[in-house]
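Structure, as structure tokens:
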Amino acid sequence: MQMSLLFLGQPPVARPATASCFQDLNLNLIFEQIQQDCPVPIKDIFYQPLTTIEAVQRRQAIFRDLLRPAGYQLMAHFVTAAAETAAKIKQAHHDWTADQQAADLLTALYEQHEQLEKLTEALAHFQPQSLGLQKLQADLDTYLQAPATQQLLTMMRTLTSALVQVQFYLTINGRYVRVTTNQLAASNSAEVATKLFGPIMTDLSELYRPNASIKTAEAVNGDTSLQANIVVQLHKLYPAVFTQLTTFYQQYQQYTVPGYEQVVTELNWYLAVQRYTQRLARMNQLNFVLPTLVELGAPERIEAGFDLELAYVQAGKQTAVVPNDYVLNPNEQFLIVAGPNQGGKTTYIRMIGQAYYLAALGMPIPGSRATLHLASHVLTHFERQEKATQLTGLLQHDIERLAALYQTVDEHSIVLMNELFSSTTTVDAEKLGQLVLTHLTAKQAHGVYVTFLESLAKLPHMVPMQAQIIAGTTIRAYKIYRCSETVGTYATSLLNKYQLTTKAIERRLKHASQSNHA
Amino acid sequence: MQVNLITLEKQQYLDEWSLTTSQKAVMADLELQPIVDIMAADDHVIAKIATRLFFTPLTTSRALTWRQATVKHALMHPDYYEWLYQFTTTTIETVRQNFWELGHESASYHLYNKSRLLTQYLQAIGTILDKPLPDHPAPALQQWYQSLDTLFNGQLEPMKTFLRQVLFDHGYVLPAHLATNLDTTVDEVIDVVPPHRFQKVFTKLKIHAQGFEIAERDDHSAKALEHYKNQAVMKLATILVNVYQEVVNWFQELRLETGWLVGVIQLSRRLPAAPRCYATLASSMEAQQLINPLISLLLNQPAVANDFLPVQTALTVITGANQGGKTTFLRAVGLGELMAQAGMFVMATCYQTPPFEMVLTHFKREEDQGERHGKLDDELQRMDQLIHVMSTSSLVLMNESFASTNEHAGSQINFQITHGLLEAGVTVIAVSHQFEYTQLVQRYHCRPYFLVAQRQANGNRSYHMLPAAPKATSYGLDIYHRLIR
């Protein structure tokens, strides 16, 4: 297995986690949340956005395979088992006795082989649609058919069956133990109990159901003198088996399956992302989508997008996350968002920034439908909370950050600016804003500009937008609309907020009854 | 072993159960608690099962008639059922006093403990079998007694003898094989050797080549030995634990089922003998001469009976005079529905209902005054939560919902929600003052069933609900003029 499920060729250069977008868009938090639910380190992968549409589509295809429940289950099952086995292989080398080391390595390697066989079989049955998983399946086949693999397998089989055929009887009374190959005569009390009490059981199989209240004494085998003594007795009874075991260890103590660790890590990434998005979708009743990637110049949009971090924080709480749409038509470059404080403006641009960045990772993004271009950079310029700095210092720092942004920005960039120049006078801020937007427009960049200066929307290629207040109240709707769009009535906007319109109720109830029946 | 006195399912009420938020609202809105209190008479077991069965509606005719038959028999022979409940309760409490377990215990401890406890339960079963059944037992009671008799008649003594033997200490033989990791894997254990024979085995063993002795202070190995011993008796211990569980479950279930019946008996003693009937399942709701049991329970006065005949429509809207009995009537329907599908008698001369999966309430609340959101937001939030738990086969009772805003907006909201519920197949009964709402539901829905709380010529309320089209004016002014001169 020499291929990668994540990259075509060399992985792209990693972006520094300190870059402003990771902090401003809460991406660092999101990646940390996904990592927390993943047994192996995968965080680095999030800092290597892809640079070609083809590479993104390759990952999306794998996600589509994993969106089929069977696909997710078989991969999740595999990585869990793989992690356990890896730990066992590592542990085997630390055993006390040579016999024990050999035996534990044998068990672990055999387990690993079986897992790979099962995975191959499951993949064949599952029939992955993605090139990535198809290639994985082919590689696995090649590995399993290789003569070296077959030789290992034969040896493991022979040895295992020899070991488990070592049968004996332990007879115990107090501290006295005897190991024999013949059974001493005895009666069977469980059978008597079954005859007596079986008939009163509603379900006879319940009679033998393991019960959690019965403590199974923790296994203290292996390195007890008892077990050592038993093995000593068995040595005498079955000498040939133990010689074979030593030979196996000498031959295979350094054995690894080529590419195995990488595949496991990469699969873990896909699965962790999938778990994360599906959990949020379920708990918030929101949608995720694999965006369609287009070249620049086509209309771009996200339907019912939302801020991922907000959805994570709100998951399971009563306040619903309010989805928003994003539309950028071919002749439009910047959305100019105005509206009340705490009206959802920052959340809105985080949603857009996250969508472009996550799309470049090939991940599902918040929304029910999405068409985006592949962003070369997601650049952010948010207000900083540096209180100690004097106003002039803050303004200077703002502009310094802007200069750095100018250096990176290109036509494929998404630029998100939040309350730029709030530390200066209105006249100044307006002029500066015009300069910034003119500059970025000239660079062919796209993005969103959150401001209290509505006049900026009058520049060419700008789209005025507004965060909504529920009519007649000061309650925030957390909805961002194009200003030309009509705002719903008071009642409708309230009903929308709680998903209680006629259509929403019908959909929710029918959805619930369908999933109950399923 | 199964009880099945009031259910056709296998041991249904043993799992942990507690009221959900929406069920708590139903309790409060319909004033169900006083009914539960009378059923329970301070017995928390009865209170719990009574509450639970109000919220676990029966949805098939078979289950409904099965339970109704037992209820009828229990009301005729309360003594037997009260004895059975009391005896079951006492037995469970007595055994519980001898039950010493701290979470997990070893297999050998279980062996010792369960054989003692099981013996006590077997004695109790003997007592139940000795007690003659009352005349003309309900099918459920008949079936219950017969199956108990079949299982235990003649078997009680051999069972007790075996359990006495199990109490002895033993030595063990374990067939084993090596695992690939060189551990000993103990195969299915076939044996517990009686003590006298065991002594002989080990006299020989001491001098045998394949034997050894674990040193006095080798705690680690001693622990491993203990582990093997426990494995040796694991199967027998598992059997006894499971048998014990089966018997305990049976007694617990019996306590719950008879407890509920005792609750019904106690409620019946406090309610008028008429009107009463047992519900049948049908495609739409229908009640004749329905009364609210709370009126006689709490106010100790005769309740006004009303007909409720929403023929083939899923929407009923009740309008009319303030303090005209609309809420009392809505509660009567709600309580009737809960009692009907719980398999109890219903306070009506005739009662039929579709098999609803749940009853939900959305009542105007005084406490809907959240500082942060405002009243209307709270109401919407509660409705949102209801939708979250609702199934399409639900009965939703709305009492002056969305009256916390102006009539126009409230009507719009109320209508959209009602419309959505109806479209999804839900049955709705709404008390409303919103005239616009009544107009909207007529415009978009064929034939809502309108009831109007009546006002007599002298302005007094009769508490009668009669079918009539809603009027634009409400009668709040009367009250105003009467109280303020």
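Just so we're on the same page: first chain in the structure tokens is A, next is B, and so on; residues restart at 1 for each chain, and ligands are numbered from 1 in the order they show up.
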Closest pair table for chain B residues within 6 Å of chain A, only C-alpha atoms, as JSON lines:
{"residue": "B:Met1", "atom": "CA", "partner": "A:Thr202", "partner_atom": "CA", "distance": 5.1}
{"residue": "B:His104", "atom": "CA", "partner": "A:Ser213", "partner_atom": "CA", "distance": 4.7}
{"residue": "B:Glu105", "atom": "CA", "partner": "A:Lys215", "partner_atom": "CA", "distance": 5.2}
{"residue": "B:Ser106", "atom": "CA", "partner": "A:Lys215", "partner_atom": "CA", "distance": 4.8}
{"residue": "B:Ala107", "atom": "CA", "partner": "A:Ile214", "partner_atom": "CA", "distance": 5.6}
{"residue": "B:Gly171", "atom": "CA", "partner": "A:Asn173", "partner_atom": "CA", "distance": 5.0}
{"residue": "B:Tyr172", "atom": "CA", "partner": "A:Ile172", "partner_atom": "CA", "distance": 5.5}
{"residue": "B:Val173", "atom": "CA", "partner": "A:Thr171", "partner_atom": "CA", "distance": 4.5}
{"residue": "B:Leu174", "atom": "CA", "partner": "A:Leu170", "partner_atom": "CA", "distance": 5.0}
{"residue": "B:Pro175", "atom": "CA", "partner": "A:Tyr169", "partner_atom": "CA", "distance": 4.4}
{"residue": "B:Ala176", "atom": "CA", "partner": "A:Phe168", "partner_atom": "CA", "distance": 5.3}
{"residue": "B:His177", "atom": "CA", "partner": "A:Gln167", "partner_atom": "CA", "distance": 4.1}
{"residue": "B:Leu178", "atom": "CA", "partner": "A:Val164", "partner_atom": "CA", "distance": 5.3}
{"residue": "B:Ala179", "atom": "CA", "partner": "A:Val164", "partner_atom": "CA", "distance": 5.6}
{"residue": "B:Thr180", "atom": "CA", "partner": "A:Leu163", "partner_atom": "CA", "distance": 5.8}
{"residue": "B:Asn181", "atom": "CA", "partner": "A:Ala103", "partner_atom": "CA", "distance": 4.5}
{"residue": "B:Asp183", "atom": "CA", "partner": "A:Gly222", "partner_atom": "CA", "distance": 5.9}
{"residue": "B:Ile190", "atom": "CA", "partner": "A:Asn188", "partner_atom": "CA", "distance": 5.5}
{"residue": "B:Asp191", "atom": "CA", "partner": "A:Asn188", "partner_atom": "CA", "distance": 4.7}
{"residue": "B:Val193", "atom": "CA", "partner": "A:Ala186", "partner_atom": "CA", "distance": 5.9}
{"residue": "B:Gln210", "atom": "CA", "partner": "A:Val179", "partner_atom": "CA", "distance": 5.4}
{"residue": "B:Gly211", "atom": "CA", "partner": "A:Arg178", "partner_atom": "CA", "distance": 4.0}
{"residue": "B:Phe212", "atom": "CA", "partner": "A:Val177", "partner_atom": "CA", "distance": 5.5}
{"residue": "B:Glu213", "atom": "CA", "partner": "A:Tyr176", "partner_atom": "CA", "distance": 4.7}
{"residue": "B:Ile214", "atom": "CA", "partner": "A:Arg175", "partner_atom": "CA", "distance": 5.3}
{"residue": "B:Ser221", "atom": "CA", "partner": "A:Leu226", "partner_atom": "CA", "distance": 5.3}
{"residue": "B:Ala224", "atom": "CA", "partner": "A:Val220", "partner_atom": "CA", "distance": 5.5}
{"residue": "B:His227", "atom": "CA", "partner": "A:Ala217", "partner_atom": "CA", "distance": 5.1}
{"residue": "B:Leu236", "atom": "CA", "partner": "A:Ala190", "partner_atom": "CA", "distance": 4.9}
{"residue": "B:Ile239", "atom": "CA", "partner": "A:Leu207", "partner_atom": "CA", "distance": 5.3}
{"residue": "B:Asn242", "atom": "CA", "partner": "A:Leu207", "partner_atom": "CA", "distance": 5.5}
{"residue": "B:Ala409", "atom": "CA", "partner": "A:Ala491", "partner_atom": "CA", "distance": 5.7}
{"residue": "B:Gln416", "atom": "CA", "partner": "A:Thr502", "partner_atom": "CA", "distance": 4.9}
{"residue": "B:Ile417", "atom": "CA", "partner": "A:Thr502", "partner_atom": "CA", "distance": 5.6}
{"residue": "B:His419", "atom": "CA", "partner": "A:Thr502", "partner_atom": "CA", "distance": 5.8}
{"residue": "B:Gly420", "atom": "CA", "partner": "A:Thr502", "partner_atom": "CA", "distance": 3.9}
{"residue": "B:Ala424", "atom": "CA", "partner": "A:Glu506", "partner_atom": "CA", "distance": 5.0}
7 Å contact set for segment 262-265 of chain A, only C-alpha atoms, chain neighbours under 2 positions out, as a CSV table (one decimal) with N, CA and C atoms, in the first residue's frame:
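As a result, around18.csv now contains:
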chain,number,residue,atom,x,y,z
A,4,SER,N,-1.6,7.3,-1.2
A,4,SER,CA,-2.2,8.1,-0.1
A,4,SER,C,-3.7,8.3,-0.4
A,40,VAL,N,-5.8,8.8,16.7
A,40,VAL,CA,-4.5,9.1,16.3
A,40,VAL,C,-4.3,10.6,15.9
A,42,ILE,N,-4.2,13.7,13.8
A,42,ILE,CA,-4.6,14.0,12.4
A,42,ILE,C,-4.6,15.5,12.2
A,79,VAL,N,-10.5,0.7,11.4
A,79,VAL,CA,-9.5,1.5,12.1
A,79,VAL,C,-9.5,1.2,13.6
A,259,GLY,N,3.1,0.7,4.3
A,259,GLY,CA,2.1,1.7,4.1
A,259,GLY,C,0.9,1.6,5.1
A,260,TYR,N,0.9,0.6,5.9
A,260,TYR,CA,-0.3,0.4,6.8
A,260,TYR,C,-0.6,1.5,7.7
A,267,LEU,N,-7.4,7.2,7.1
A,267,LEU,CA,-8.8,6.8,7.2
A,267,LEU,C,-9.4,7.4,8.5
A,268,ASN,N,-8.5,7.4,9.5
A,268,ASN,CA,-9.0,8.1,10.8
A,268,ASN,C,-9.4,9.5,10.6
A,269,TRP,N,-8.7,10.2,9.7
A,269,TRP,CA,-9.0,11.6,9.4
A,269,TRP,C,-10.4,11.7,8.8
Quiz prompt | Tyr356 of chain A environment, 12 Å, only C-alpha atoms, sequence neighbours closer than 5 positions dropped, as a PyMOL selection string | solution = chain A and resi 21+25+27+49-50+56+290-293+300-302+305+326+349-351+361-366+370-379+412-416+446-447
Practice problem: Tell me, as a PyMOL selection string, which residues lie within 12 Å of segment 153-160 of chain B, counting only C-alpha atoms; anything in the same chain fewer than 6 positions away does not count. | Solution: (chain A and resi 192-200) or (chain B and resi 114-130+145-147+166-167+240+243)
For the selection just defined, write its residues with N, CA and C atoms to a file, as a compact mmCIF listing (two decimals), in the first residue's frame.
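Produced file part.txt, reproduced below:
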# COMPACT_ATOMS: atom_id res chain seq x y z
N VAL A 192 -27.81 -30.14 35.94
CA VAL A 192 -28.92 -30.37 36.87
C VAL A 192 -29.74 -29.10 37.02
N ALA A 193 -29.03 -27.97 37.18
CA ALA A 193 -29.72 -26.69 37.35
C ALA A 193 -30.57 -26.36 36.13
N THR A 194 -30.04 -26.65 34.95
CA THR A 194 -30.77 -26.36 33.71
C THR A 194 -32.09 -27.14 33.67
N LYS A 195 -31.99 -28.42 34.05
CA LYS A 195 -33.20 -29.26 34.02
C LYS A 195 -34.25 -28.73 34.98
N LEU A 196 -33.78 -28.31 36.17
CA LEU A 196 -34.71 -27.86 37.19
C LEU A 196 -35.34 -26.51 36.87
N PHE A 197 -34.49 -25.56 36.46
CA PHE A 197 -34.97 -24.18 36.36
C PHE A 197 -35.26 -23.73 34.93
N GLY A 198 -34.77 -24.49 33.96
CA GLY A 198 -35.00 -24.12 32.56
C GLY A 198 -36.46 -23.80 32.26
N PRO A 199 -37.39 -24.66 32.70
CA PRO A 199 -38.79 -24.45 32.31
C PRO A 199 -39.40 -23.13 32.78
N ILE A 200 -38.89 -22.56 33.88
CA ILE A 200 -39.54 -21.32 34.33
C ILE A 200 -39.05 -20.10 33.56
N LYS B 114 -27.47 -16.22 45.85
CA LYS B 114 -28.68 -16.42 45.05
C LYS B 114 -29.44 -17.66 45.49
N SER B 115 -28.72 -18.69 45.96
CA SER B 115 -29.44 -19.88 46.38
C SER B 115 -30.27 -19.57 47.62
N ARG B 116 -29.78 -18.68 48.47
CA ARG B 116 -30.55 -18.29 49.66
C ARG B 116 -31.80 -17.49 49.28
N LEU B 117 -31.58 -16.48 48.44
CA LEU B 117 -32.68 -15.58 48.10
C LEU B 117 -33.76 -16.28 47.28
N LEU B 118 -33.29 -17.14 46.34
CA LEU B 118 -34.25 -17.86 45.50
C LEU B 118 -35.18 -18.71 46.35
N THR B 119 -34.61 -19.31 47.40
CA THR B 119 -35.42 -20.16 48.28
C THR B 119 -36.59 -19.37 48.85
N GLN B 120 -36.33 -18.14 49.25
CA GLN B 120 -37.40 -17.32 49.82
C GLN B 120 -38.51 -17.04 48.81
N TYR B 121 -38.11 -16.75 47.57
CA TYR B 121 -39.11 -16.48 46.54
C TYR B 121 -39.92 -17.73 46.23
N LEU B 122 -39.26 -18.89 46.22
CA LEU B 122 -39.98 -20.13 45.91
C LEU B 122 -41.06 -20.38 46.97
N GLN B 123 -40.73 -20.06 48.24
CA GLN B 123 -41.73 -20.22 49.29
C GLN B 123 -42.96 -19.32 49.03
N ALA B 124 -42.68 -18.07 48.59
CA ALA B 124 -43.77 -17.14 48.32
C ALA B 124 -44.65 -17.64 47.19
N ILE B 125 -44.04 -18.23 46.18
CA ILE B 125 -44.83 -18.76 45.06
C ILE B 125 -45.76 -19.85 45.57
N GLY B 126 -45.25 -20.68 46.50
CA GLY B 126 -46.08 -21.70 47.12
C GLY B 126 -47.32 -21.10 47.76
N THR B 127 -47.13 -19.98 48.49
CA THR B 127 -48.26 -19.33 49.15
C THR B 127 -49.29 -18.83 48.13
N ILE B 128 -48.80 -18.21 47.05
CA ILE B 128 -49.73 -17.69 46.03
C ILE B 128 -50.54 -18.83 45.42
N LEU B 129 -49.87 -19.96 45.17
CA LEU B 129 -50.57 -21.09 44.58
C LEU B 129 -51.63 -21.65 45.52
N ASP B 130 -51.39 -21.55 46.82
CA ASP B 130 -52.35 -22.08 47.79
C ASP B 130 -53.60 -21.23 47.94
N TYR B 145 -52.61 -17.67 36.63
CA TYR B 145 -52.57 -18.69 37.68
C TYR B 145 -52.22 -20.06 37.10
N GLN B 146 -52.78 -20.36 35.97
CA GLN B 146 -52.55 -21.67 35.38
C GLN B 146 -51.09 -21.87 34.99
N SER B 147 -50.48 -20.85 34.44
CA SER B 147 -49.10 -21.02 34.02
C SER B 147 -48.20 -21.16 35.24
N VAL B 166 -26.11 -26.49 46.74
CA VAL B 166 -25.20 -25.54 46.12
C VAL B 166 -24.40 -24.77 47.17
N LEU B 167 -24.98 -24.65 48.36
CA LEU B 167 -24.32 -23.86 49.41
C LEU B 167 -23.00 -24.47 49.88
N LEU B 240 -27.95 -19.41 38.05
CA LEU B 240 -28.71 -19.01 39.23
C LEU B 240 -29.02 -17.51 39.23
N VAL B 243 -31.85 -17.09 36.76
CA VAL B 243 -33.11 -17.62 37.32
C VAL B 243 -33.61 -16.63 38.37
Exercise. Tell me, as a list in words, which residues lie within 12 Å of Gln134 of chain A, counting only C-alpha atoms; anything in the same chain fewer than 3 positions away does not count.
Key: Met1, Met3, Ser4, Leu5, Arg58, Ala61, Ile62, Asp65, Thr120, Leu123, Ala124, His125, Phe126, Gln127, Pro128, Gln129, Ser130, Leu131, Gln137, Ala138, Asp139, Leu140 and Asp141 of chain A
Practice problem: Give the strand (DSSP E or B) residues of segment 185-314 of chain B, as DSSP finds them on the backbone, and put them as a list in words. | Solution: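 Secondary structure check on segment 185-314 of chain B, strand (DSSP E or B): Thr185, Val186, Asp191, Val192, Val193, Gly211, Phe212, Glu213, Cys277, Tyr278, Thr280, Leu281, Glu286, Ala287, Gln288, Gln289, Leu290, Asn306, Asp307 and Phe308 of chain B.
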How would the residues just chosen look if you wrote them out with C-alpha atoms as a PDB file, in the first residue's frame?
ATOM      1  CA  THR B 185      -8.041 -20.693  28.166  1.00  0.00           C
ATOM      2  CA  VAL B 186     -10.558 -22.442  30.303  1.00  0.00           C
ATOM      3  CA  ASP B 191     -17.841 -29.852  36.753  1.00  0.00           C
ATOM      4  CA  VAL B 192     -18.239 -29.038  40.386  1.00  0.00           C
ATOM      5  CA  VAL B 193     -16.893 -32.029  42.311  1.00  0.00           C
ATOM      6  CA  GLY B 211       1.123 -31.428  40.299  1.00  0.00           C
ATOM      7  CA  PHE B 212       2.419 -28.386  42.126  1.00  0.00           C
ATOM      8  CA  GLU B 213       1.501 -26.192  45.044  1.00  0.00           C
ATOM      9  CA  CYS B 277     -67.932   3.202  30.103  1.00  0.00           C
ATOM     10  CA  TYR B 278     -64.938   1.475  28.566  1.00  0.00           C
ATOM     11  CA  THR B 280     -63.271   1.382  22.011  1.00  0.00           C
ATOM     12  CA  LEU B 281     -60.834   2.202  19.233  1.00  0.00           C
ATOM     13  CA  GLU B 286     -66.428  10.561  19.969  1.00  0.00           C
ATOM     14  CA  ALA B 287     -67.643  10.998  23.546  1.00  0.00           C
ATOM     15  CA  GLN B 288     -71.162  11.187  24.889  1.00  0.00           C
ATOM     16  CA  GLN B 289     -72.065  12.738  28.229  1.00  0.00           C
ATOM     17  CA  LEU B 290     -68.421  13.187  29.079  1.00  0.00           C
ATOM     18  CA  ASN B 306     -71.041  17.337  27.415  1.00  0.00           C
ATOM     19  CA  ASP B 307     -71.052  15.534  24.094  1.00  0.00           C
ATOM     20  CA  PHE B 308     -67.982  15.670  21.923  1.00  0.00           C
TER      21      PHE B 308
END
Self-check item: Shortest interatomic distance to Cys350 of chain B - which of B:Leu53, B:Val304, B:Leu309, B:Leu330, counting only C-alpha atoms
Solution: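 The closest residue to Cys350 of chain B is B:Leu309.
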Exercise. For Leu141 of chain B, please output as a PyMOL selection string all residues within 8 Å (counting only C-alpha atoms; exclusion window: fewer than 3 positions along the same chain).
Key: chain B and resi 5+70+137-138+144-145
Using C-alpha atoms, can you write the selected residues to a file as a PDB file, in the first residue's frame?
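Dumped everything to out-v7.pdb:
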ATOM      1  CA  LEU B   5     -52.468  -9.277  33.950  1.00  0.00           C
ATOM      2  CA  THR B  70     -58.976  -7.434  34.185  1.00  0.00           C
ATOM      3  CA  PRO B 137     -61.650 -14.787  36.905  1.00  0.00           C
ATOM      4  CA  ALA B 138     -60.758 -12.507  34.016  1.00  0.00           C
ATOM      5  CA  TRP B 144     -51.595 -16.193  34.979  1.00  0.00           C
ATOM      6  CA  TYR B 145     -52.572 -18.688  37.681  1.00  0.00           C
TER       7      TYR B 145
END
